[in-house]
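Listing of model-v3.tsv, TSV, C-alpha atoms
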```
chain	number	residue	atom	x	y	z
A	12	MET	CA	-104.99	101.00	-16.99
A	13	LYS	CA	-104.65	98.96	-20.17
A	14	TRP	CA	-104.85	95.72	-18.17
A	15	SER	CA	-108.18	96.81	-16.74
A	16	LEU	CA	-109.62	97.28	-20.22
A	17	TYR	CA	-108.17	93.97	-21.40
A	18	ALA	CA	-109.55	92.16	-18.36
A	19	ILE	CA	-113.04	93.65	-18.68
A	20	LEU	CA	-113.22	92.82	-22.38
A	21	TYR	CA	-111.93	89.30	-21.73
A	22	LEU	CA	-114.45	88.73	-18.93
A	23	ILE	CA	-117.32	89.88	-21.14
A	24	GLY	CA	-116.08	87.54	-23.87
A	25	VAL	CA	-115.77	84.70	-21.37
A	26	LEU	CA	-119.31	85.35	-20.20
A	27	THR	CA	-120.53	85.05	-23.79
A	28	MET	CA	-118.46	81.91	-24.40
A	29	GLY	CA	-119.62	80.40	-21.12
A	30	LEU	CA	-123.23	80.81	-22.14
A	31	LEU	CA	-122.52	79.30	-25.56
A	32	LEU	CA	-120.67	76.30	-24.10
A	33	VAL	CA	-123.60	75.15	-21.98
A	34	GLY	CA	-124.79	72.78	-24.72
A	35	VAL	CA	-121.41	71.48	-25.89
A	36	GLU	CA	-119.99	68.04	-25.14
A	37	GLN	CA	-119.63	67.63	-21.38
A	38	VAL	CA	-115.91	66.93	-21.10
A	39	ILE	CA	-114.92	69.62	-23.61
A	40	ALA	CA	-117.19	72.16	-21.95
A	41	ALA	CA	-115.81	71.38	-18.49
A	42	ALA	CA	-112.20	71.66	-19.68
A	43	LEU	CA	-112.80	74.93	-21.51
A	44	ASP	CA	-114.72	76.41	-18.60
A	45	LEU	CA	-111.87	75.55	-16.25
A	46	VAL	CA	-109.24	77.03	-18.57
A	47	PHE	CA	-111.26	80.21	-19.10
A	48	LEU	CA	-111.80	80.50	-15.35
A	49	VAL	CA	-108.07	80.26	-14.58
A	50	ILE	CA	-107.25	82.87	-17.23
A	51	ALA	CA	-110.01	85.13	-15.87
A	52	ILE	CA	-108.59	84.88	-12.35
A	53	VAL	CA	-105.07	85.72	-13.53
A	54	LEU	CA	-106.26	88.68	-15.61
A	55	PHE	CA	-108.43	89.91	-12.74
A	56	ARG	CA	-105.45	89.91	-10.38
A	57	VAL	CA	-103.25	91.79	-12.86
A	58	ALA	CA	-105.99	94.34	-13.58
A	59	ALA	CA	-106.76	94.83	-9.89
A	60	LYS	CA	-103.10	95.58	-9.19
A	61	ASP	CA	-103.07	97.96	-12.17
A	62	VAL	CA	-106.11	99.88	-10.92
A	63	SER	CA	-104.80	100.09	-7.35
A	64	ALA	CA	-101.47	101.43	-8.64
A	65	ALA	CA	-103.33	104.02	-10.70
A	66	LEU	CA	-105.37	104.98	-7.62
A	67	ASP	CA	-102.15	105.61	-5.70
A	68	ILE	CA	-100.92	107.93	-8.46
A	69	ALA	CA	-104.24	109.73	-9.05
A	70	ALA	CA	-104.02	113.42	-8.25
A	71	ASP	CA	-107.55	114.79	-8.18
A	72	ASP	CA	-110.90	113.52	-6.96
A	73	LYS	CA	-112.42	113.25	-10.44
A	74	GLU	CA	-109.71	110.85	-11.52
A	75	ARG	CA	-110.17	108.80	-8.35
A	76	VAL	CA	-113.92	108.53	-8.96
A	77	GLU	CA	-113.30	107.32	-12.52
A	78	LEU	CA	-110.83	104.73	-11.28
A	79	ARG	CA	-113.27	103.56	-8.60
A	80	MET	CA	-115.90	103.11	-11.32
A	81	VAL	CA	-113.45	101.06	-13.40
A	82	GLN	CA	-112.67	99.02	-10.31
A	83	ALA	CA	-116.38	98.39	-9.64
A	84	LEU	CA	-116.93	97.40	-13.28
A	85	LEU	CA	-113.97	95.05	-13.14
A	86	ILE	CA	-115.19	93.36	-9.97
A	87	SER	CA	-118.77	93.01	-11.18
A	88	THR	CA	-117.81	91.55	-14.57
A	89	PHE	CA	-115.41	89.16	-12.86
A	90	VAL	CA	-118.02	87.94	-10.39
A	91	ILE	CA	-120.64	87.43	-13.11
A	92	SER	CA	-118.31	85.65	-15.53
A	93	ALA	CA	-116.73	83.49	-12.80
A	94	THR	CA	-120.20	82.46	-11.63
A	95	VAL	CA	-121.28	81.51	-15.16
A	96	LEU	CA	-118.06	79.58	-15.76
A	97	ALA	CA	-118.24	77.77	-12.43
A	98	TYR	CA	-121.88	76.86	-13.07
A	99	GLY	CA	-121.00	75.59	-16.57
A	100	PHE	CA	-118.10	73.57	-15.17
A	101	LEU	CA	-120.23	71.97	-12.46
A	102	LYS	CA	-123.12	71.38	-14.88
A	103	ALA	CA	-120.79	69.63	-17.33
A	104	LEU	CA	-119.38	67.37	-14.62
A	105	PHE	CA	-122.63	66.74	-12.78
A	106	PRO	CA	-125.53	66.67	-15.27
A	107	PHE	CA	-128.15	66.40	-12.53
A	108	ILE	CA	-127.54	70.04	-11.48
A	109	PRO	CA	-130.50	72.13	-12.72
```

Would you encode the structure as structure tokens?
Amino acid sequence: MKWSLYAILYLIGVLTMGLLLVGVEQVIAAALDLVFLVIAIVLFRVAAKDVSAALDIAADDKERVELRMVQALLISTFVISATVLAYGFLKALFPFIP
């Protein structure tokens, strides 16, 4: 479960950094967005495996519901941060994108 917490906190931080990098130099912003996106994907995969392993071990329904909520939070933060990073990457490479 610790990887889930690390991944969620990282994805929220990446979302904040992605929004801050929108006005930075184009090449630097594109490179940083790409690096942050790769790290986010790796952390998401590790955290998803961690949550699914915890779901296999979970004994009662209350624990399963909590783990499903963590899983939903992990997926939603990943989708939002990956979208922001991909948009920032494309905007840095192609300035004509609105």

Legend entry - Who sits within 12 Å of Leu78 in chain A, all atoms listed in the file, same chain under 6 positions skipped, as a list in words: Met12, Ser15, Leu16, Ala58, Ala59, Asp61, Val62, Ser63, Ala64, Ala65, Leu66, Asp67, Ile68, Ala69, Ala70, Asp71, Asp72, Leu84 and Leu85 of chain A

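Pairwise distance (CA of Leu20 in chain A, CA of Gly99 in chain A) equals 19.8 Å.
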
Legend entry - Shortest interatomic distance to Thr88 in chain A - which of A:Leu43, A:Ile19, A:Leu101, A:Ile50, counting all atoms listed in the file: A:Ile19

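Interatomic distance, CA of Val25 in chain A to CA of Leu48 in chain A: 8.3 Å.
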
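Across the structure, CA of Val57 in chain A and CA of Ala40 in chain A are spaced 25.7 Å apart.
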
Legend entry - Long-range neighbours of Ser92 in chain A as a list in words, 9 Å cut-off, only C-alpha atoms, 5 positions minimum in chain: Leu22, Ile23, Gly24, Val25, Leu26, Thr27, Gly29, Leu48, Ala51, Ser87 and Ala97 of chain A

Write the residues of the selection above to a file with C-alpha atoms, as an mmCIF file, keeping the file's coordinate frame.
```
data_model
loop_
_atom_site.group_PDB
_atom_site.id
_atom_site.type_symbol
_atom_site.label_atom_id
_atom_site.label_comp_id
_atom_site.auth_asym_id
_atom_site.auth_seq_id
_atom_site.Cartn_x
_atom_site.Cartn_y
_atom_site.Cartn_z
ATOM 1 C CA LEU A 22 -114.450 88.730 -18.930
ATOM 2 C CA ILE A 23 -117.320 89.880 -21.140
ATOM 3 C CA GLY A 24 -116.080 87.540 -23.870
ATOM 4 C CA VAL A 25 -115.770 84.700 -21.370
ATOM 5 C CA LEU A 26 -119.310 85.350 -20.200
ATOM 6 C CA THR A 27 -120.530 85.050 -23.790
ATOM 7 C CA GLY A 29 -119.620 80.400 -21.120
ATOM 8 C CA LEU A 48 -111.800 80.500 -15.350
ATOM 9 C CA ALA A 51 -110.010 85.130 -15.870
ATOM 10 C CA SER A 87 -118.770 93.010 -11.180
ATOM 11 C CA ALA A 97 -118.240 77.770 -12.430
#
```

Inset, instruction - Counting all atoms listed in the file, figure out which residue out of A:Lys73, A:Lys60, A:Asp44, A:Gln82 gets nearest to Val95 in chain A. - result: A:Asp44

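Excluding Ala41 in chain A itself and any same-chain residue fewer than 2 positions from it, the protein and nucleic acid residues within 7 Å of it, counting all atoms listed in the file, are Gln37, Val38, Ile39, Leu43, Asp44, Leu45, Gly99, Phe100, Ala103 and Leu104 of chain A.
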
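Restricting the calculation to all atoms listed in the file, the smallest distance between Thr94 in chain A and any of A:Ala42, A:Ala18, A:Met80, A:Ile52 is found for A:Ile52.
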